[in-house]
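See below for final_35.txt, which holds compact mmCIF, C-alpha atoms.
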# COMPACT_ATOMS: atom_id res chain seq x y z
CA MET A 16 8.48 -3.35 65.02
CA SER A 17 10.49 -5.82 67.06
CA THR A 18 9.47 -9.47 67.20
CA VAL A 19 12.19 -10.33 69.71
CA PRO A 20 11.28 -9.63 73.35
CA ALA A 21 13.81 -7.73 75.43
CA PRO A 22 14.58 -8.31 79.09
CA VAL A 23 13.27 -5.64 81.43
CA VAL A 24 15.80 -2.86 81.94
CA GLY A 25 17.13 -2.63 85.46
CA GLY A 26 16.68 -6.18 86.67
CA VAL A 27 14.50 -7.22 89.57
CA ASP A 28 14.61 -7.85 93.29
CA GLY A 29 15.64 -4.44 94.56
CA GLY A 30 18.20 -3.78 91.85
CA ARG A 31 19.85 -7.21 91.65
CA PRO A 32 20.26 -8.30 88.02
CA ALA A 33 17.60 -10.42 86.38
CA SER A 34 18.99 -13.81 85.45
CA LEU A 35 18.41 -15.56 82.12
CA PRO A 36 19.28 -19.24 81.67
CA ALA A 37 20.99 -20.27 78.45
CA THR A 38 17.73 -21.77 77.21
CA ALA A 39 16.20 -18.26 77.35
CA TRP A 40 19.02 -16.03 76.09
CA ARG A 41 20.16 -18.21 73.18
CA PRO A 42 16.90 -17.81 71.21
CA LEU A 43 17.02 -14.07 71.88
CA LEU A 44 20.56 -13.88 70.55
CA ALA A 45 19.75 -15.95 67.45
CA GLY A 46 16.59 -13.97 66.72
CA HIS A 47 18.48 -10.70 67.06
CA GLU A 48 21.15 -11.83 64.61
CA ARG A 49 18.52 -12.85 62.06
CA ARG A 50 16.70 -9.54 62.37
CA ALA A 51 19.92 -7.51 62.14
CA ASP A 52 21.03 -9.47 59.07
CA SER A 53 17.69 -8.80 57.42
CA LEU A 54 17.84 -5.08 58.15
CA THR A 55 21.38 -4.70 56.78
CA ALA A 56 21.19 -7.18 53.87
CA GLY A 57 20.74 -4.53 51.17
CA HIS A 58 23.62 -2.42 52.43
CA ARG A 59 25.96 -5.39 52.72
CA ALA A 60 25.13 -6.56 49.20
CA ARG A 61 25.73 -3.09 47.75
CA ARG A 62 28.97 -2.72 49.64
CA ALA A 63 30.20 -6.03 48.26
CA ALA A 64 29.31 -4.83 44.75
CA GLY A 65 30.84 -1.39 45.27
CA ALA A 66 27.44 0.29 44.79
CA ARG A 67 26.03 3.34 46.55
CA HIS A 68 22.51 4.25 47.69
CA ALA A 69 21.61 7.92 48.23
CA ILE A 70 18.94 7.10 50.81
CA ASP A 71 20.13 4.12 52.82
CA ASP A 72 23.86 4.89 52.97
CA PHE A 73 23.13 7.80 55.31
CA LEU A 74 22.55 5.43 58.23
CA TYR A 75 25.98 3.90 57.72
CA ASP A 76 28.03 6.91 56.60
CA TYR A 77 26.63 9.67 58.80
CA TYR A 78 26.00 7.56 61.90
CA GLY A 79 29.01 5.30 61.41
CA THR A 80 26.80 2.22 61.72
CA ARG A 81 28.60 -1.10 61.29
CA PRO A 82 26.46 -4.16 60.50
CA SER A 83 28.75 -6.37 62.59
CA VAL A 84 28.21 -4.16 65.66
CA LEU A 85 24.47 -3.91 65.05
CA ARG A 86 24.37 -7.71 64.90
CA ARG A 87 25.74 -8.08 68.43
CA TRP A 88 22.97 -8.88 70.88
CA HIS A 89 23.17 -7.31 74.31
CA PRO A 90 20.79 -8.22 77.14
CA GLY A 91 20.94 -4.70 78.58
CA VAL A 92 21.94 -3.24 81.92
CA GLY A 93 20.79 -5.24 84.91
CA VAL A 94 20.52 -8.63 83.18
CA ARG A 95 22.78 -11.60 83.93
CA LEU A 96 23.30 -14.37 81.38
CA GLU A 97 23.73 -17.74 83.03
CA ALA A 98 26.35 -20.13 81.70
CA GLY A 99 25.31 -23.02 79.50
CA PRO A 100 26.74 -26.55 79.23
CA ASP A 101 29.45 -25.22 76.92
CA GLY A 102 30.49 -22.40 79.22
CA PRO A 103 29.80 -18.67 79.59
CA ALA A 104 27.80 -16.61 77.12
CA PRO A 105 29.87 -15.19 74.24
CA GLN A 106 29.61 -11.71 75.73
CA HIS A 107 32.24 -12.71 78.30
CA ARG A 108 34.85 -11.89 75.65
CA TRP A 109 33.38 -8.47 74.87
CA ARG A 110 34.37 -5.11 76.25
CA TRP A 111 32.57 -3.89 79.40
CA TYR A 112 31.33 -7.34 80.42
CA ALA A 113 32.24 -9.16 83.61
CA THR A 114 32.08 -12.88 84.35
CA ASP A 115 31.08 -13.96 87.86
CA ALA A 116 32.42 -16.98 89.72
CA ASP A 117 29.47 -19.13 88.61
CA GLY A 118 30.12 -18.33 84.94
CA SER A 119 27.29 -15.81 84.62
CA VAL A 120 28.01 -12.82 82.39
CA ARG A 121 26.74 -9.29 82.98
CA LEU A 122 27.44 -5.71 81.97
CA ASP A 123 30.11 -4.19 84.21
CA VAL A 124 28.36 -0.90 84.91
CA ASP A 125 31.31 0.61 86.80
CA ALA A 126 33.70 -0.10 83.92
CA PHE A 127 31.23 1.23 81.37
CA LEU A 128 30.60 4.45 83.30
CA THR A 129 34.34 4.95 83.80
CA ASP A 130 34.71 5.10 80.02
CA ARG A 131 31.34 6.52 78.97
CA GLY A 132 29.92 8.24 82.05
CA ASP A 133 30.01 11.76 80.59
CA SER A 134 28.23 10.56 77.46
CA VAL A 135 25.56 8.76 79.48
CA ARG A 136 24.87 11.87 81.53
CA PHE A 137 24.65 14.06 78.40
CA ILE A 138 22.37 11.62 76.59
CA HIS A 139 20.12 11.40 79.63
CA ARG A 140 19.93 15.18 79.89
CA LEU A 141 19.26 15.65 76.17
CA LEU A 142 16.63 12.94 75.81
CA THR A 143 14.84 14.05 78.96
CA ALA A 144 14.73 17.61 77.66
CA ILE A 145 13.37 16.53 74.27
CA ALA A 146 10.72 14.35 75.93
CA SER A 147 9.54 17.31 78.02
CA ARG A 148 8.64 19.44 75.00
CA PRO A 149 5.67 19.45 72.62
CA ALA A 150 6.32 18.36 69.04
CA PHE A 151 6.63 21.17 66.49
CA THR A 152 5.42 20.03 63.06
CA GLY A 153 5.60 23.24 61.03
CA CYS A 154 9.05 22.80 59.49
CA PHE A 155 7.87 20.71 56.48
CA GLY A 156 11.32 19.20 55.99
CA LEU A 157 12.70 22.43 54.53
CA HIS A 158 16.13 21.75 56.03
CA GLU A 159 16.96 19.63 52.97
CA TRP A 160 15.88 22.46 50.69
CA ALA A 161 18.05 24.90 52.64
CA MET A 162 21.03 22.62 52.02
CA VAL A 163 20.83 23.21 48.26
CA TYR A 164 19.55 26.81 48.26
CA ARG A 165 21.34 28.89 45.60
CA GLN A 166 23.97 26.18 45.31
CA ALA A 167 25.40 24.99 42.00
CA GLU A 168 26.79 21.73 43.41
CA HIS A 169 24.77 19.32 45.54
CA ARG A 170 25.52 16.41 47.83
CA HIS A 171 23.57 13.85 45.81
CA PRO A 172 24.13 13.19 42.08
CA LEU A 173 20.40 13.49 41.43
CA PRO A 174 18.38 16.19 39.68
CA LEU A 175 16.24 18.65 41.62
CA ARG A 176 12.52 18.05 41.05
CA LEU A 177 11.80 21.73 40.47
CA GLY A 178 15.21 22.75 39.17
CA GLN A 179 17.44 25.23 40.98
CA ARG A 180 15.22 28.26 40.45
CA GLY A 181 12.09 26.43 41.51
CA THR A 182 13.85 25.04 44.58
CA ASP A 183 15.11 28.48 45.58
CA ALA A 184 11.60 29.88 45.16
CA VAL A 185 10.19 27.30 47.58
CA VAL A 186 12.77 28.23 50.20
CA GLU A 187 12.09 31.92 49.76
CA SER A 188 8.32 31.49 50.04
CA HIS A 189 8.49 29.70 53.41
CA GLN A 190 9.73 30.50 56.88
CA ILE A 191 12.60 28.16 57.75
CA ARG A 192 12.37 26.98 61.38
CA CYS A 193 15.03 24.29 61.79
CA THR A 194 15.83 23.48 65.44
CA HIS A 195 18.43 20.75 64.91
CA PHE A 196 22.08 21.76 64.73
CA ASP A 197 23.18 18.70 62.76
CA ALA A 198 20.82 19.70 59.97
CA TYR A 199 21.36 23.45 60.25
CA ARG A 200 25.14 23.15 59.97
CA PHE A 201 24.75 21.89 56.38
CA PHE A 202 22.69 24.89 55.23
CA THR A 203 24.19 26.88 52.40
CA PRO A 204 25.61 30.27 53.46
CA GLU A 205 22.64 32.05 51.89
CA ALA A 206 20.14 29.82 53.72
CA VAL A 207 21.72 30.26 57.16
CA GLU A 208 20.39 33.78 57.45
CA LEU A 209 16.89 32.65 56.50
CA ASN A 210 16.51 30.29 59.45
CA HIS A 211 14.34 31.64 62.26
CA LEU A 212 16.74 30.15 64.84
CA ARG A 213 20.50 29.81 65.23
CA PRO A 214 21.06 26.28 66.53
CA THR A 215 24.47 25.51 68.05
CA ARG A 216 26.08 22.35 69.38
CA THR A 217 26.19 23.78 72.88
CA GLY A 218 22.53 24.75 72.68
CA GLN A 219 21.31 21.36 71.50
CA VAL A 220 19.73 20.44 74.84
CA ASP A 221 17.77 23.69 74.77
CA LEU A 222 16.46 23.43 71.20
CA ASP A 223 15.99 19.80 70.12
CA GLN A 224 12.31 18.87 70.04
CA PRO A 225 10.37 15.62 69.41
CA GLY A 226 8.75 16.66 66.12
CA CYS A 227 12.13 16.98 64.39
CA LEU A 228 12.84 14.09 62.03
CA HIS A 229 16.56 14.27 62.76
CA ALA A 230 16.03 14.24 66.52
CA SER A 231 13.91 11.11 66.06
CA MET A 232 16.51 9.48 63.79
CA ASP A 233 19.10 10.26 66.45
CA CYS A 234 17.52 7.67 68.74
CA HIS A 235 19.69 5.28 66.72
CA LYS A 236 22.73 7.46 67.39
CA TRP A 237 22.16 7.50 71.14
CA ALA A 238 21.37 3.78 71.29
CA THR A 239 24.69 3.14 69.55
CA LYS A 240 26.58 5.36 71.98
CA LEU A 241 24.96 3.59 74.94
CA GLY A 242 26.18 0.35 73.36
CA PRO A 243 25.96 -2.78 75.54
CA ALA A 244 23.64 -1.09 78.03
CA VAL A 245 20.85 -1.12 75.43
CA PRO A 246 18.83 -4.33 74.99
CA GLY A 247 19.27 -5.69 71.48
CA ALA A 248 15.63 -5.36 70.47
CA LEU A 249 15.61 -1.69 71.44
CA ALA A 250 18.79 -1.03 69.45
CA LEU A 251 17.25 -2.58 66.32
CA ASP A 252 13.95 -0.76 66.85
CA CYS A 253 15.88 2.53 66.84
CA PHE A 254 17.81 1.57 63.71
CA GLU A 255 14.69 0.44 61.88
CA LEU A 256 12.81 3.63 62.72
CA ALA A 257 15.77 5.74 61.58
CA GLY A 258 15.61 4.01 58.19
CA GLU A 259 11.91 4.76 57.79
CA ILE A 260 12.41 8.39 58.78
CA ARG A 261 15.34 8.76 56.40
CA LEU A 262 13.10 7.63 53.54
CA LEU A 263 10.51 10.31 54.33
CA ASP A 264 13.29 12.89 54.73
CA MET A 265 14.48 12.18 51.19
CA ARG A 266 11.04 11.86 49.61
CA ALA A 267 10.20 15.30 51.01
CA SER A 268 13.50 16.76 49.82
CA PRO A 269 13.99 18.75 46.60
CA TYR A 270 15.75 15.79 44.96
CA ASP A 271 14.11 13.62 42.32
CA PHE A 272 14.21 10.04 43.61
CA SER A 273 12.13 8.57 40.81
CA SER A 274 15.19 6.56 39.70
CA TYR A 275 14.89 4.78 43.07
CA GLY A 276 11.20 4.17 42.57
CA GLU A 277 10.33 6.63 45.33
CA PRO A 278 7.55 9.19 44.67
CA PRO A 279 7.96 12.64 46.19
CA VAL A 280 6.17 14.07 49.19
CA ALA A 281 5.70 17.44 47.53
CA ILE A 282 5.87 19.74 50.54
CA GLU A 283 5.56 22.74 48.24
CA THR A 284 1.86 21.84 47.89
CA PRO A 285 -0.93 21.76 50.54
CA GLU A 286 -1.43 18.03 49.93
CA GLY A 287 2.27 17.32 50.37
CA LYS A 288 2.43 19.35 53.55
CA ALA A 289 -0.51 17.42 55.01
CA GLU A 290 1.10 14.09 54.14
CA TYR A 291 4.42 15.17 55.61
CA VAL A 292 2.90 16.38 58.89
CA ALA A 293 0.86 13.20 59.30
CA ARG A 294 3.97 11.04 58.92
CA GLN A 295 5.98 13.41 61.09
CA ARG A 296 3.50 13.03 63.94
CA GLU A 297 3.48 9.27 63.59
CA PHE A 298 7.27 9.14 63.74
CA ALA A 299 7.33 11.52 66.71
CA GLN A 300 5.05 9.17 68.65
CA ARG A 301 7.11 6.11 67.81
CA ALA A 302 10.38 7.87 68.57
CA GLY A 303 8.90 9.12 71.83
CA ARG A 304 8.35 5.55 72.99
CA LEU A 305 11.90 4.56 72.03
CA ARG A 306 13.30 7.70 73.64
CA ALA A 307 11.53 6.85 76.90
CA ARG A 308 13.16 3.42 76.87
CA LEU A 309 16.59 4.96 76.25
CA ILE A 310 16.01 7.32 79.17
CA GLU A 311 15.28 4.24 81.30
CA VAL A 312 18.59 2.75 80.19
CA CYS A 313 20.45 5.91 81.18
CA SER A 314 18.66 6.05 84.53
CA ALA A 315 19.44 2.39 85.24
CA LEU A 316 23.13 3.01 84.52
CA LEU A 317 23.34 6.15 86.61
CA ASP A 318 21.39 4.61 89.50
CA ARG A 319 23.80 1.66 89.61
CA GLY A 320 26.95 3.67 89.02

Would you mind writing the structure in this file as structure tokens?
Amino acid sequence: MSTVPAPVVGGVDGGRPASLPATAWRPLLAGHERRADSLTAGHRARRAAGARHAIDDFLYDYYGTRPSVLRRWHPGVGVRLEAGPDGPAPQHRWRWYATDADGSVRLDVDAFLTDRGDSVRFIHRLLTAIASRPAFTGCFGLHEWAMVYRQAEHRHPLPLRLGQRGTDAVVESHQIRCTHFDAYRFFTPEAVELNHLRPTRTGQVDLDQPGCLHASMDCHKWATKLGPAVPGALALDCFELAGEIRLLDMRASPYDFSSYGEPPVAIETPEGKAEYVARQREFAQRAGRLRARLIEVCSALLDRG
């Protein structure tokens, strides 16, 4: 969880931006950079060594996360950074920021919405829809199993815990109920027909639900797309949660991660299912709180735009 407090989204005084003196925002910026560096240290070290990691690389490859961007601290929409003795805050050089006559720096909401308005409206609509639904926790992470069903070649160079036949048998003995298009689209051709639903990109707003691990991981995706409108602490909270969820996603998968020192969550057993659902519910609650904060960010942008 975050140890760096974030300014209140939306400012104060009837919509006028909250104002932070340099003595207040500098520690926030420095603390954010330290936390971001800590969260990305393993990835940066592996990248420098040319090494890969089947679990952690997902956050960087699939989501396009860049440590340098994650390290940038933003105060969030509705917060003005007062100038210090050495001049304006460093954000004055960044895209979508404006500098006022007194040297204060703030997010230029009009400029941001000109470039990203459609995305903001979609994210607001999607997250609001997800938040309105109950969490479904009966999927047991079988999307990962459906991605290797009756497939000779797999995405990860790791053995399957139960072998191909055992993996196929698990898929065939369960009902597959994946609601998330970005998981469903990687199903093998044979597994597509086994899914109870037919998720599509255009139907994402209608199907995504808060119990889905991928929908919860996507809080990081949406925080990234909202960029400078998201307070730094919230952005890192979303990234950190996505990493924890990714670990469960892989431990519950058919792959053998013992070479990474990670024991399986054996969802093919009653005990594994119970463990998976318990963690799934915990993540859904945490993601729900982050999602609510992202909805506030969207609302603050749209109200000011």

Show me, as a list in words, the residues that have an atom within 10 Å of Tyr270 (chain A) when counting all atoms listed in the file, minus same-chain residues fewer than 4 positions from it.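 Within the cut-off, the hits are Glu159, Trp160, Val163, His169, His171, Pro172, Leu173, Pro174, Leu175, Arg176, Leu177, Gly178, Thr182, Met265, Arg266 and Pro279 of chain A.
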
Any idea what's packed within 12 Å of region 82-85 of chain A, counting only C-alpha atoms, ignoring anything in its chain fewer than 6 positions away? Could you give it as an NGL selection string? :A and (47-60 or 62 or 74-76 or 109 or 235-236 or 238-240 or 242-243 or 245-255)

Judged by only C-alpha atoms, the minimum distance to Thr38 (chain A) among A:Leu256, A:Ala104, A:Gly276, A:Arg86 is found for A:Ala104

Option closest in space to Leu263 (chain A), from A:Asp221, A:Arg41, A:Ile70, A:Phe202 [counting all atoms listed in the file]: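 Under the stated criterion, the closest residue is A:Ile70.
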
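Distance annotation: of A:Leu157, A:Ala289, A:Ala184, A:Leu317, the residue with the minimal separation from Ser268 (chain A) is A:Leu157; atom set is only C-alpha atoms.
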
What does the distance between CA of Gly118 (chain A) and CA of Ser34 (chain A) come to in Å, to one decimal place?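 Atom-to-atom, CA of Gly118 (chain A) to CA of Ser34 (chain A), that is 12.0 Å.
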
Considering only C-alpha atoms, state which residue in the set A:Phe196, A:Trp40, A:Tyr164, A:Phe155 is at the smallest distance from Arg180 (chain A). A:Tyr164

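Across the structure, CA of Thr80 (chain A) and CA of His68 (chain A) are spaced 14.8 Å apart.
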
What does the distance between CA of Asp125 (chain A) and CA of Arg140 (chain A) come to in Å, to one decimal place?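 Distance reported for this atom pair: 19.7 Å.
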
Any chance you could work out the axis-aligned box around region 161-171 of chain A, listed atoms only, 3 Å on each side, giving centre and edge lengths in Å to one decimal, as JSON?
{"center_x": 22.4, "center_y": 21.4, "center_z": 47.3, "size_x": 14.7, "size_y": 21.0, "size_z": 16.6}

Residue nearest Thr203 (chain A) - candidates A:His89, A:Arg121, A:Arg81, A:His158, atoms counted: all atoms listed in the file: A:His158

Please provide as an MDAnalysis selection string all residues within 8 Å of Val124 (chain A), with the sequence filter that same-chain residues fewer than 3 positions apart are discarded (counting only C-alpha atoms). chainID A and resid 92 111 127:128 316 319:320

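Restricting the calculation to only C-alpha atoms, the smallest distance between Arg165 (chain A) and any of A:His189, A:Gln179, A:Trp237, A:Ala230 is found for A:Gln179.
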
Please produce region 62-74 of chain A, completed to N, CA, C and O atoms, as a tab-separated table (two decimals), keeping the file's coordinate frame.
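Output saved as part.tsv:
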chain	number	residue	atom	x	y	z
A	62	ARG	N	27.57	-2.94	49.29
A	62	ARG	CA	28.97	-2.72	49.64
A	62	ARG	C	29.87	-3.74	48.96
A	62	ARG	O	30.94	-3.40	48.45
A	63	ALA	N	29.42	-4.98	48.93
A	63	ALA	CA	30.20	-6.03	48.26
A	63	ALA	C	30.33	-5.77	46.77
A	63	ALA	O	31.33	-6.13	46.15
A	64	ALA	N	29.31	-5.13	46.19
A	64	ALA	CA	29.31	-4.83	44.75
A	64	ALA	C	29.91	-3.47	44.44
A	64	ALA	O	30.01	-3.08	43.27
A	65	GLY	N	30.29	-2.72	45.47
A	65	GLY	CA	30.84	-1.39	45.27
A	65	GLY	C	29.81	-0.37	44.84
A	65	GLY	O	30.15	0.63	44.19
A	66	ALA	N	28.54	-0.60	45.19
A	66	ALA	CA	27.44	0.29	44.79
A	66	ALA	C	27.08	1.23	45.94
A	66	ALA	O	27.33	0.94	47.11
A	67	ARG	N	26.46	2.35	45.57
A	67	ARG	CA	26.03	3.34	46.55
A	67	ARG	C	24.52	3.51	46.51
A	67	ARG	O	23.87	3.20	45.51
A	68	HIS	N	23.95	4.01	47.61
A	68	HIS	CA	22.51	4.25	47.69
A	68	HIS	C	22.30	5.59	48.40
A	68	HIS	O	22.65	5.74	49.58
A	69	ALA	N	21.73	6.55	47.70
A	69	ALA	CA	21.61	7.92	48.23
A	69	ALA	C	20.71	8.03	49.44
A	69	ALA	O	20.80	9.00	50.20
A	70	ILE	N	19.84	7.06	49.65
A	70	ILE	CA	18.94	7.10	50.81
A	70	ILE	C	19.52	6.30	51.97
A	70	ILE	O	19.76	6.81	53.05
A	71	ASP	N	19.77	5.02	51.73
A	71	ASP	CA	20.13	4.12	52.82
A	71	ASP	C	21.54	4.33	53.35
A	71	ASP	O	21.80	4.06	54.53
A	72	ASP	N	22.47	4.77	52.52
A	72	ASP	CA	23.86	4.89	52.97
A	72	ASP	C	24.01	5.88	54.12
A	72	ASP	O	24.98	5.81	54.88
A	73	PHE	N	23.07	6.80	54.24
A	73	PHE	CA	23.13	7.80	55.31
A	73	PHE	C	23.26	7.14	56.68
A	73	PHE	O	24.03	7.61	57.53
A	74	LEU	N	22.52	6.07	56.92
A	74	LEU	CA	22.55	5.43	58.23
A	74	LEU	C	23.92	4.86	58.55
A	74	LEU	O	24.29	4.74	59.73
